[in-house]
Amino acid sequence: MLQQRTLKSLTKAVGVGLHSGQRVELTLRPAAPDTGIVFRRVDLPQPVDIPISAQAVTDTRLASTISSGGAKVHTVEHLMSACAGLGIDNLYVDITAEEVPILDGSASSFVFLLQSAGIALQAAPKRFIRVLKPVEVREGQGASEKWARLTPYNGYKLGFEIDFDHPAVDSTGQRVEFDMGSGSYSRDIARARTFGFTKDVEMMRANGLALGGGLDNAIVMDDYKVLNTDGLRYNDEFVKHKILDAMGDLHLLGKPLLAAYSAFRSGHALNNKLLRELLSHSDAYEVVTFEDEEKAPQGFAQLARAW
């Protein structure tokens with residue numbers, strides 16, 4: 001049987017929120033089978049649980065925000081991406097502020113945290129959502145067109161194309177494809193950092209955003225070049241970060257996907273719209289398990305290796 005996964009022990013991190021600039025403590029704790037991933041605002045007078053789901057996403061401006069009642073957690077996508085990359089099904093995420101810490105701006109710190117806690121197999125079948133027919137969402141026309149789609153695929157792969165009119169981005173790879181069956185998430189995707197432009201950062205800070213952002217947790221560019229002295233971690237780091245984000249956004253579905261995702265200039269809003277479109281067509285997907293893990297698609301049966 002292909003089993004569900006949680007952590008062997010708890011692990012902690014302290015950081016700041018990318019947009020809020022607030023200090024935040026994060027505690028990742030094991031959870032029982034079929035719990036799913038649950039964020040817990042433990043700083044509130046009465047702690048509030050926010051289980052992940054496509055419907056729990058209530059804001060997609062600059063990041064993915066989930067909420068329950070008046071309680072919110074911003075910028076969940078990098079941690080969710082690490083959970084997707086390592087196949088984590090059940091987890092409690094205790095958090096002491098409104099925003100997940102940005103750490104180094106990628107998912108690699110979360111991968112390290114999860115792997116250092118150890119990954120435990122559980123006595124319950126891992127449930128996937130298998131896409132049975134194509135689902136697509138589109139917005140805009142001409143130069144402003146963007147789209148995202150899911151199509152049937154025996155495994156999980158993602159293809160993304162970006163389109164930035166900027167010298168530093170144009171000189172790198174604008175399209176990348178990553179397949180969980182043949183690639184290594186921690187090696188190929190997890191280290192790609194979020195990125196921004198100095199002109200946008202100034203405007204965002206004037207609006208109370210990006211208060212925790214800097215060269216130690218993002219790729220920052222002026223009108224011509226990357227300002228980080230250590231340069232890029234991958235030749236195609238910009239588009240790889242978009243894959244990283246998409247994996248996190250799609251993992252908010254609550255179960256791992258068996259599908260091929262492809263997108264052009266998509267973002268948090270369109271990714272969530274795609275999940276909601278999928279769920280609105282009951283004939284477009286099914287929930288499956290693998291009693292014989294030999295029959296599971298390549299890349300899902302093995303426990304993620306440490307660095």
# chains A, B, ... in the order shown; residues from 1 in each chain; ligands from 1
$ residues_around --residues "region 49-57 of chain A" --least-positions-apart "4" --cutoff "10 Å" --atoms "only C-alpha atoms" --output "ChimeraX atom specification"
/A:35-42,64-69,71-74,76,80,91-94,249-255,268-269,271-276,279
$ write_last_selection --atoms "C-alpha atoms" --output "CSV table (one decimal), in the first residue's frame"
chain,number,residue,atom,x,y,z
A,35,THR,CA,-6.0,15.0,9.2
A,36,GLY,CA,-4.6,16.8,6.2
A,37,ILE,CA,-2.5,20.0,6.6
A,38,VAL,CA,-3.9,22.3,9.2
A,39,PHE,CA,-2.6,25.8,10.0
A,40,ARG,CA,-3.2,26.9,13.6
A,41,ARG,CA,-3.1,30.5,14.7
A,42,VAL,CA,-1.8,29.9,18.2
A,64,SER,CA,-1.8,32.7,-1.3
A,65,THR,CA,-3.8,33.5,1.9
A,66,ILE,CA,-6.0,31.0,3.7
A,67,SER,CA,-8.6,31.9,6.3
A,68,SER,CA,-11.3,30.6,8.6
A,69,GLY,CA,-13.7,33.1,10.1
A,71,ALA,CA,-8.3,34.3,11.2
A,72,LYS,CA,-5.9,34.4,8.3
A,73,VAL,CA,-2.5,33.0,7.3
A,74,HIS,CA,-0.7,34.8,4.5
A,76,VAL,CA,1.5,29.7,2.7
A,80,MET,CA,2.9,24.0,0.9
A,91,LEU,CA,0.7,18.1,9.4
A,92,TYR,CA,-0.1,20.8,12.0
A,93,VAL,CA,1.5,24.2,11.3
A,94,ASP,CA,1.4,26.3,14.5
A,249,ASP,CA,-0.8,26.6,-4.7
A,250,LEU,CA,-2.0,23.3,-6.2
A,251,HIS,CA,-1.2,21.4,-3.0
A,252,LEU,CA,-3.9,23.6,-1.3
A,253,LEU,CA,-6.3,21.2,-3.0
A,254,GLY,CA,-5.8,19.0,0.1
A,255,LYS,CA,-4.6,15.9,-1.8
A,268,HIS,CA,-1.7,32.5,-7.3
A,269,ALA,CA,-5.2,33.8,-8.4
A,271,ASN,CA,-3.9,28.7,-9.9
A,272,ASN,CA,-6.7,28.8,-7.3
A,273,LYS,CA,-9.3,29.4,-10.0
A,274,LEU,CA,-8.0,26.3,-11.8
A,275,LEU,CA,-8.5,24.2,-8.7
A,276,ARG,CA,-12.1,25.5,-8.2
A,279,LEU,CA,-13.7,20.7,-8.4
$ select_by_dssp --residues "region 46-251 of chain A" --states "strand (DSSP E)" --output "PyMOL selection string"
chain A and resi 48-51+57-59+65-68+71-73+91-95+119-125+128-131+135-139+146-151+156-161+175-179+195-197+219-221
$ closest_residue --among "A:Gly70, A:Ala117, A:Lys133, A:Ser108" --to "Thr27 (chain A)" --atoms "only C-alpha atoms"
A:Ala117
$ select_by_dssp --residues "region 34-98 of chain A" --states "helix (DSSP H, G or I)" --output "mmCIF file with C-alpha atoms, in the first residue's frame"
data_model
loop_
_atom_site.group_PDB
_atom_site.id
_atom_site.type_symbol
_atom_site.label_atom_id
_atom_site.label_comp_id
_atom_site.auth_asym_id
_atom_site.auth_seq_id
_atom_site.Cartn_x
_atom_site.Cartn_y
_atom_site.Cartn_z
ATOM 1 C CA ALA A 54 -9.171 25.263 -2.467
ATOM 2 C CA GLN A 55 -12.099 27.046 -0.810
ATOM 3 C CA ALA A 56 -9.975 28.153 2.176
ATOM 4 C CA GLU A 77 2.711 28.699 -0.822
ATOM 5 C CA HIS A 78 6.425 28.028 -0.145
ATOM 6 C CA LEU A 79 5.751 25.742 2.831
ATOM 7 C CA MET A 80 2.947 24.045 0.884
ATOM 8 C CA SER A 81 5.334 23.542 -2.036
ATOM 9 C CA ALA A 82 7.828 21.774 0.246
ATOM 10 C CA CYS A 83 4.999 19.539 1.517
ATOM 11 C CA ALA A 84 4.072 18.706 -2.079
ATOM 12 C CA GLY A 85 7.683 18.004 -3.028
ATOM 13 C CA LEU A 86 8.205 15.662 -0.062
#
$ residues_around --residues "region 10-20 of chain A" --least-positions-apart "6" --cutoff "9 Å" --atoms "only C-alpha atoms" --output "JSON, numbers by chain"
{"A": [26, 27, 28, 29, 30, 74, 75, 97, 98, 99, 100, 101, 102, 103, 105, 113, 114, 116, 117, 118, 204, 205, 208, 209, 210, 211, 212, 213, 214, 217]}
$ write_last_selection --atoms "N, CA and C atoms" --output "CSV table (one decimal), in the first residue's frame"
chain,number,residue,atom,x,y,z
A,26,LEU,N,7.3,29.4,13.9
A,26,LEU,CA,6.6,28.4,13.2
A,26,LEU,C,6.9,27.0,13.9
A,27,THR,N,5.9,26.2,14.2
A,27,THR,CA,6.2,24.9,14.7
A,27,THR,C,5.4,23.9,13.8
A,28,LEU,N,6.2,22.9,13.3
A,28,LEU,CA,5.6,21.9,12.4
A,28,LEU,C,5.5,20.6,13.3
A,29,ARG,N,4.3,20.1,13.4
A,29,ARG,CA,4.0,18.9,14.3
A,29,ARG,C,3.4,17.8,13.5
A,30,PRO,N,3.6,16.5,13.9
A,30,PRO,CA,3.0,15.4,13.3
A,30,PRO,C,1.5,15.5,13.5
A,74,HIS,N,-1.2,34.3,5.8
A,74,HIS,CA,-0.7,34.8,4.5
A,74,HIS,C,0.6,34.0,4.1
A,75,THR,N,0.8,34.0,2.7
A,75,THR,CA,2.1,33.5,2.2
A,75,THR,C,2.4,32.0,2.6
A,97,ALA,N,1.8,34.4,14.2
A,97,ALA,CA,1.4,35.7,13.5
A,97,ALA,C,0.6,35.4,12.2
A,98,GLU,N,0.3,36.4,11.5
A,98,GLU,CA,-0.6,36.3,10.3
A,98,GLU,C,0.1,35.8,9.1
A,99,GLU,N,1.5,35.7,9.1
A,99,GLU,CA,2.2,35.3,7.9
A,99,GLU,C,3.3,34.3,8.1
A,100,VAL,N,3.4,33.3,7.2
A,100,VAL,CA,4.4,32.3,7.3
A,100,VAL,C,5.8,33.0,7.1
A,101,PRO,N,6.8,32.7,7.9
A,101,PRO,CA,8.1,33.4,7.7
A,101,PRO,C,8.7,33.1,6.3
A,102,ILE,N,9.3,34.1,5.7
A,102,ILE,CA,9.8,33.9,4.3
A,102,ILE,C,11.1,33.2,4.3
A,103,LEU,N,11.9,33.1,5.5
A,103,LEU,CA,13.2,32.5,5.6
A,103,LEU,C,14.1,32.9,4.4
A,105,GLY,N,13.4,32.8,1.2
A,105,GLY,CA,12.7,33.2,0.0
A,105,GLY,C,12.4,32.1,-1.0
A,113,LEU,N,13.7,21.7,7.2
A,113,LEU,CA,13.0,21.5,8.4
A,113,LEU,C,12.2,20.2,8.5
A,114,LEU,N,11.5,19.9,7.4
A,114,LEU,CA,10.7,18.7,7.3
A,114,LEU,C,11.5,17.5,7.3
A,116,SER,N,14.6,17.2,8.6
A,116,SER,CA,15.3,17.1,9.8
A,116,SER,C,14.4,16.5,10.9
A,117,ALA,N,13.1,16.8,10.8
A,117,ALA,CA,12.1,16.2,11.7
A,117,ALA,C,11.9,14.7,11.4
A,118,GLY,N,12.2,14.3,10.2
A,118,GLY,CA,12.0,12.9,9.8
A,118,GLY,C,10.6,12.7,9.2
A,204,MET,N,5.3,49.0,-3.0
A,204,MET,CA,4.7,48.1,-2.1
A,204,MET,C,5.0,48.5,-0.7
A,205,ARG,N,6.2,48.9,-0.4
A,205,ARG,CA,6.5,49.4,1.0
A,205,ARG,C,5.7,50.6,1.4
A,208,GLY,N,2.6,49.4,2.8
A,208,GLY,CA,2.7,48.5,3.9
A,208,GLY,C,3.0,47.0,3.5
A,209,LEU,N,3.5,46.8,2.3
A,209,LEU,CA,3.8,45.5,1.9
A,209,LEU,C,5.4,45.3,1.7
A,210,ALA,N,5.8,44.1,1.6
A,210,ALA,CA,7.2,43.8,1.4
A,210,ALA,C,8.1,44.4,2.5
A,211,LEU,N,7.6,44.5,3.7
A,211,LEU,CA,8.3,45.1,4.8
A,211,LEU,C,9.4,44.2,5.3
A,212,GLY,N,9.3,42.9,5.0
A,212,GLY,CA,10.3,42.0,5.5
A,212,GLY,C,11.2,41.5,4.4
A,213,GLY,N,11.1,42.1,3.2
A,213,GLY,CA,11.8,41.6,2.0
A,213,GLY,C,13.2,42.3,1.9
A,214,GLY,N,14.2,41.6,1.4
A,214,GLY,CA,15.5,42.1,1.2
A,214,GLY,C,16.4,41.1,0.4
A,217,ASN,N,16.5,37.3,1.2
A,217,ASN,CA,15.3,36.4,1.1
A,217,ASN,C,14.6,36.6,-0.3
$ atom_distance --atom1 "CA of Asp34 (chain A)" --atom2 "CA of Pro297 (chain A)"
21.2 Å
$ closest_residue --among "A:Phe238, A:Phe160, A:Tyr153, A:Leu244" --to "Tyr185 (chain A)" --atoms "only C-alpha atoms"
A:Leu244
$ closest_residue --among "A:Ile129, A:Val226, A:Phe195, A:Ala190" --to "Pro167 (chain A)" --atoms "only C-alpha atoms"
A:Val226
$ residues_around --residues "Ser182 (chain A)" --least-positions-apart "5" --cutoff "10 Å" --atoms "only C-alpha atoms" --output "number ranges by chain"
A: 157, 298-299
$ write_last_selection --atoms "C-alpha atoms" --output "mmCIF file, in the first residue's frame"
data_model
loop_
_atom_site.group_PDB
_atom_site.id
_atom_site.type_symbol
_atom_site.label_atom_id
_atom_site.label_comp_id
_atom_site.auth_asym_id
_atom_site.auth_seq_id
_atom_site.Cartn_x
_atom_site.Cartn_y
_atom_site.Cartn_z
ATOM 1 C CA LYS A 157 4.496 17.104 -13.980
ATOM 2 C CA GLN A 298 7.195 6.723 -10.524
ATOM 3 C CA GLY A 299 8.468 9.146 -7.900
#
$ atom_distance --atom1 "CA of Val169 (chain A)" --atom2 "CA of Ala218 (chain A)"
14.3 Å
$ closest_atom_pairs --of "region 202-261 of chain A" --to "region 280-288 of chain A" --cutoff "10 Å" --atoms "only C-alpha atoms" --output "Markdown table"
| residue | atom | partner | partner_atom | distance |
| --- | --- | --- | --- | --- |
| A:Lys255 | CA | A:Val287 | CA | 8.9 |
| A:Pro256 | CA | A:Val287 | CA | 9.9 |
| A:Leu257 | CA | A:Val287 | CA | 9.5 |
| A:Leu258 | CA | A:Val288 | CA | 9.4 |
| A:Ala259 | CA | A:Tyr285 | CA | 9.8 |
$ write_last_selection --atoms "C-alpha atoms" --output "compact mmCIF listing (two decimals), in the first residue's frame"
# COMPACT_ATOMS: atom_id res chain seq x y z
CA LYS A 255 -4.62 15.89 -1.80
CA PRO A 256 -1.73 15.41 -4.24
CA LEU A 257 -2.58 15.61 -7.93
CA LEU A 258 -2.04 13.02 -10.62
CA ALA A 259 -2.05 15.34 -13.62
$ decode --residues "region 283-297 of chain A" --atoms "all heavy atoms" --output "PDB file, in the first residue's frame"
ATOM      1  N   ASP A 283     -17.041  15.012 -13.079  1.00  0.00           N
ATOM      2  CA  ASP A 283     -16.583  13.992 -14.030  1.00  0.00           C
ATOM      3  C   ASP A 283     -15.143  14.229 -14.494  1.00  0.00           C
ATOM      4  O   ASP A 283     -14.619  13.464 -15.295  1.00  0.00           O
ATOM      5  CB  ASP A 283     -17.511  13.938 -15.236  1.00  0.00           C
ATOM      6  CG  ASP A 283     -17.563  15.248 -16.013  1.00  0.00           C
ATOM      7  OD1 ASP A 283     -17.209  16.309 -15.424  1.00  0.00           O
ATOM      8  OD2 ASP A 283     -17.967  15.232 -17.189  1.00  0.00           O
ATOM      9  N   ALA A 284     -14.509  15.296 -13.986  1.00  0.00           N
ATOM     10  CA  ALA A 284     -13.154  15.632 -14.438  1.00  0.00           C
ATOM     11  C   ALA A 284     -12.072  15.033 -13.550  1.00  0.00           C
ATOM     12  O   ALA A 284     -10.890  15.117 -13.866  1.00  0.00           O
ATOM     13  CB  ALA A 284     -12.980  17.148 -14.501  1.00  0.00           C
ATOM     14  N   TYR A 285     -12.481  14.417 -12.444  1.00  0.00           N
ATOM     15  CA  TYR A 285     -11.473  13.863 -11.527  1.00  0.00           C
ATOM     16  C   TYR A 285     -12.063  12.720 -10.714  1.00  0.00           C
ATOM     17  O   TYR A 285     -13.287  12.525 -10.660  1.00  0.00           O
ATOM     18  CB  TYR A 285     -10.954  14.953 -10.578  1.00  0.00           C
ATOM     19  CG  TYR A 285     -11.979  15.443  -9.577  1.00  0.00           C
ATOM     20  CD1 TYR A 285     -12.079  14.882  -8.302  1.00  0.00           C
ATOM     21  CD2 TYR A 285     -12.885  16.446  -9.913  1.00  0.00           C
ATOM     22  CE1 TYR A 285     -13.031  15.314  -7.394  1.00  0.00           C
ATOM     23  CE2 TYR A 285     -13.839  16.890  -9.016  1.00  0.00           C
ATOM     24  CZ  TYR A 285     -13.905  16.320  -7.764  1.00  0.00           C
ATOM     25  OH  TYR A 285     -14.856  16.742  -6.869  1.00  0.00           O
ATOM     26  N   GLU A 286     -11.168  11.955 -10.092  1.00  0.00           N
ATOM     27  CA  GLU A 286     -11.572  10.904  -9.156  1.00  0.00           C
ATOM     28  C   GLU A 286     -10.517  10.809  -8.062  1.00  0.00           C
ATOM     29  O   GLU A 286      -9.367  11.224  -8.256  1.00  0.00           O
ATOM     30  CB  GLU A 286     -11.721   9.562  -9.871  1.00  0.00           C
ATOM     31  CG  GLU A 286     -10.420   9.037 -10.471  1.00  0.00           C
ATOM     32  CD  GLU A 286     -10.591   7.696 -11.180  1.00  0.00           C
ATOM     33  OE1 GLU A 286     -11.685   7.117 -11.083  1.00  0.00           O
ATOM     34  OE2 GLU A 286      -9.617   7.252 -11.833  1.00  0.00           O
ATOM     35  N   VAL A 287     -10.902  10.290  -6.913  1.00  0.00           N
ATOM     36  CA  VAL A 287      -9.960  10.068  -5.805  1.00  0.00           C
ATOM     37  C   VAL A 287      -9.492   8.623  -5.885  1.00  0.00           C
ATOM     38  O   VAL A 287     -10.313   7.692  -5.970  1.00  0.00           O
ATOM     39  CB  VAL A 287     -10.624  10.356  -4.446  1.00  0.00           C
ATOM     40  CG1 VAL A 287      -9.651  10.051  -3.304  1.00  0.00           C
ATOM     41  CG2 VAL A 287     -11.084  11.815  -4.380  1.00  0.00           C
ATOM     42  N   VAL A 288      -8.173   8.415  -5.886  1.00  0.00           N
ATOM     43  CA  VAL A 288      -7.630   7.063  -6.039  1.00  0.00           C
ATOM     44  C   VAL A 288      -6.585   6.778  -4.965  1.00  0.00           C
ATOM     45  O   VAL A 288      -5.962   7.690  -4.419  1.00  0.00           O
ATOM     46  CB  VAL A 288      -6.996   6.843  -7.434  1.00  0.00           C
ATOM     47  CG1 VAL A 288      -8.039   6.972  -8.529  1.00  0.00           C
ATOM     48  CG2 VAL A 288      -5.839   7.803  -7.673  1.00  0.00           C
ATOM     49  N   THR A 289      -6.404   5.490  -4.658  1.00  0.00           N
ATOM     50  CA  THR A 289      -5.335   5.021  -3.785  1.00  0.00           C
ATOM     51  C   THR A 289      -4.608   3.889  -4.511  1.00  0.00           C
ATOM     52  O   THR A 289      -5.093   3.391  -5.546  1.00  0.00           O
ATOM     53  CB  THR A 289      -5.890   4.490  -2.448  1.00  0.00           C
ATOM     54  OG1 THR A 289      -6.785   3.396  -2.731  1.00  0.00           O
ATOM     55  CG2 THR A 289      -6.653   5.571  -1.691  1.00  0.00           C
ATOM     56  N   PHE A 290      -3.467   3.485  -3.972  1.00  0.00           N
ATOM     57  CA  PHE A 290      -2.694   2.402  -4.587  1.00  0.00           C
ATOM     58  C   PHE A 290      -2.422   1.332  -3.537  1.00  0.00           C
ATOM     59  O   PHE A 290      -1.548   1.499  -2.678  1.00  0.00           O
ATOM     60  CB  PHE A 290      -1.387   2.946  -5.179  1.00  0.00           C
ATOM     61  CG  PHE A 290      -1.596   3.885  -6.339  1.00  0.00           C
ATOM     62  CD1 PHE A 290      -1.652   5.253  -6.132  1.00  0.00           C
ATOM     63  CD2 PHE A 290      -1.780   3.390  -7.623  1.00  0.00           C
ATOM     64  CE1 PHE A 290      -1.860   6.120  -7.184  1.00  0.00           C
ATOM     65  CE2 PHE A 290      -1.995   4.254  -8.698  1.00  0.00           C
ATOM     66  CZ  PHE A 290      -2.037   5.619  -8.476  1.00  0.00           C
ATOM     67  N   GLU A 291      -3.208   0.251  -3.605  1.00  0.00           N
ATOM     68  CA  GLU A 291      -3.000  -0.856  -2.676  1.00  0.00           C
ATOM     69  C   GLU A 291      -1.657  -1.519  -2.921  1.00  0.00           C
ATOM     70  O   GLU A 291      -1.027  -2.033  -2.006  1.00  0.00           O
ATOM     71  CB  GLU A 291      -4.141  -1.872  -2.816  1.00  0.00           C
ATOM     72  CG  GLU A 291      -5.479  -1.369  -2.286  1.00  0.00           C
ATOM     73  CD  GLU A 291      -5.400  -0.936  -0.826  1.00  0.00           C
ATOM     74  OE1 GLU A 291      -4.795  -1.671  -0.019  1.00  0.00           O
ATOM     75  OE2 GLU A 291      -5.922   0.145  -0.499  1.00  0.00           O
ATOM     76  N   ASP A 292      -1.214  -1.512  -4.162  1.00  0.00           N
ATOM     77  CA  ASP A 292       0.105  -2.031  -4.525  1.00  0.00           C
ATOM     78  C   ASP A 292       0.958  -0.836  -4.942  1.00  0.00           C
ATOM     79  O   ASP A 292       0.736  -0.252  -5.994  1.00  0.00           O
ATOM     80  CB  ASP A 292      -0.021  -3.030  -5.673  1.00  0.00           C
ATOM     81  CG  ASP A 292       1.324  -3.601  -6.096  1.00  0.00           C
ATOM     82  OD1 ASP A 292       2.352  -3.201  -5.513  1.00  0.00           O
ATOM     83  OD2 ASP A 292       1.345  -4.430  -7.026  1.00  0.00           O
ATOM     84  N   GLU A 293       1.939  -0.482  -4.106  1.00  0.00           N
ATOM     85  CA  GLU A 293       2.713   0.720  -4.423  1.00  0.00           C
ATOM     86  C   GLU A 293       3.543   0.559  -5.688  1.00  0.00           C
ATOM     87  O   GLU A 293       3.986   1.550  -6.280  1.00  0.00           O
ATOM     88  CB  GLU A 293       3.592   1.146  -3.245  1.00  0.00           C
ATOM     89  CG  GLU A 293       4.758   0.261  -2.917  1.00  0.00           C
ATOM     90  CD  GLU A 293       5.620   0.895  -1.820  1.00  0.00           C
ATOM     91  OE1 GLU A 293       5.081   1.355  -0.804  1.00  0.00           O
ATOM     92  OE2 GLU A 293       6.846   0.915  -2.010  1.00  0.00           O
ATOM     93  N   GLU A 294       3.726  -0.680  -6.140  1.00  0.00           N
ATOM     94  CA  GLU A 294       4.434  -0.906  -7.404  1.00  0.00           C
ATOM     95  C   GLU A 294       3.640  -0.316  -8.582  1.00  0.00           C
ATOM     96  O   GLU A 294       4.211  -0.019  -9.628  1.00  0.00           O
ATOM     97  CB  GLU A 294       4.644  -2.406  -7.626  1.00  0.00           C
ATOM     98  CG  GLU A 294       5.571  -3.070  -6.626  1.00  0.00           C
ATOM     99  CD  GLU A 294       7.011  -2.611  -6.765  1.00  0.00           C
ATOM    100  OE1 GLU A 294       7.468  -2.473  -7.912  1.00  0.00           O
ATOM    101  OE2 GLU A 294       7.653  -2.363  -5.728  1.00  0.00           O
ATOM    102  N   LYS A 295       2.335  -0.181  -8.392  1.00  0.00           N
ATOM    103  CA  LYS A 295       1.484   0.345  -9.473  1.00  0.00           C
ATOM    104  C   LYS A 295       1.342   1.869  -9.413  1.00  0.00           C
ATOM    105  O   LYS A 295       0.705   2.473 -10.270  1.00  0.00           O
ATOM    106  CB  LYS A 295       0.099  -0.309  -9.416  1.00  0.00           C
ATOM    107  CG  LYS A 295       0.156  -1.807  -9.710  1.00  0.00           C
ATOM    108  CD  LYS A 295      -1.214  -2.445  -9.716  1.00  0.00           C
ATOM    109  CE  LYS A 295      -1.117  -3.941 -10.064  1.00  0.00           C
ATOM    110  NZ  LYS A 295      -2.439  -4.611  -9.990  1.00  0.00           N
ATOM    111  N   ALA A 296       1.903   2.483  -8.385  1.00  0.00           N
ATOM    112  CA  ALA A 296       1.857   3.945  -8.273  1.00  0.00           C
ATOM    113  C   ALA A 296       2.811   4.558  -9.297  1.00  0.00           C
ATOM    114  O   ALA A 296       3.814   3.945  -9.672  1.00  0.00           O
ATOM    115  CB  ALA A 296       2.255   4.370  -6.874  1.00  0.00           C
ATOM    116  N   PRO A 297       2.515   5.764  -9.772  1.00  0.00           N
ATOM    117  CA  PRO A 297       3.431   6.422 -10.715  1.00  0.00           C
ATOM    118  C   PRO A 297       4.817   6.596 -10.105  1.00  0.00           C
ATOM    119  O   PRO A 297       4.971   6.739  -8.888  1.00  0.00           O
ATOM    120  CB  PRO A 297       2.770   7.786 -10.948  1.00  0.00           C
ATOM    121  CG  PRO A 297       1.339   7.593 -10.602  1.00  0.00           C
ATOM    122  CD  PRO A 297       1.322   6.578  -9.506  1.00  0.00           C
TER     123      PRO A 297
END
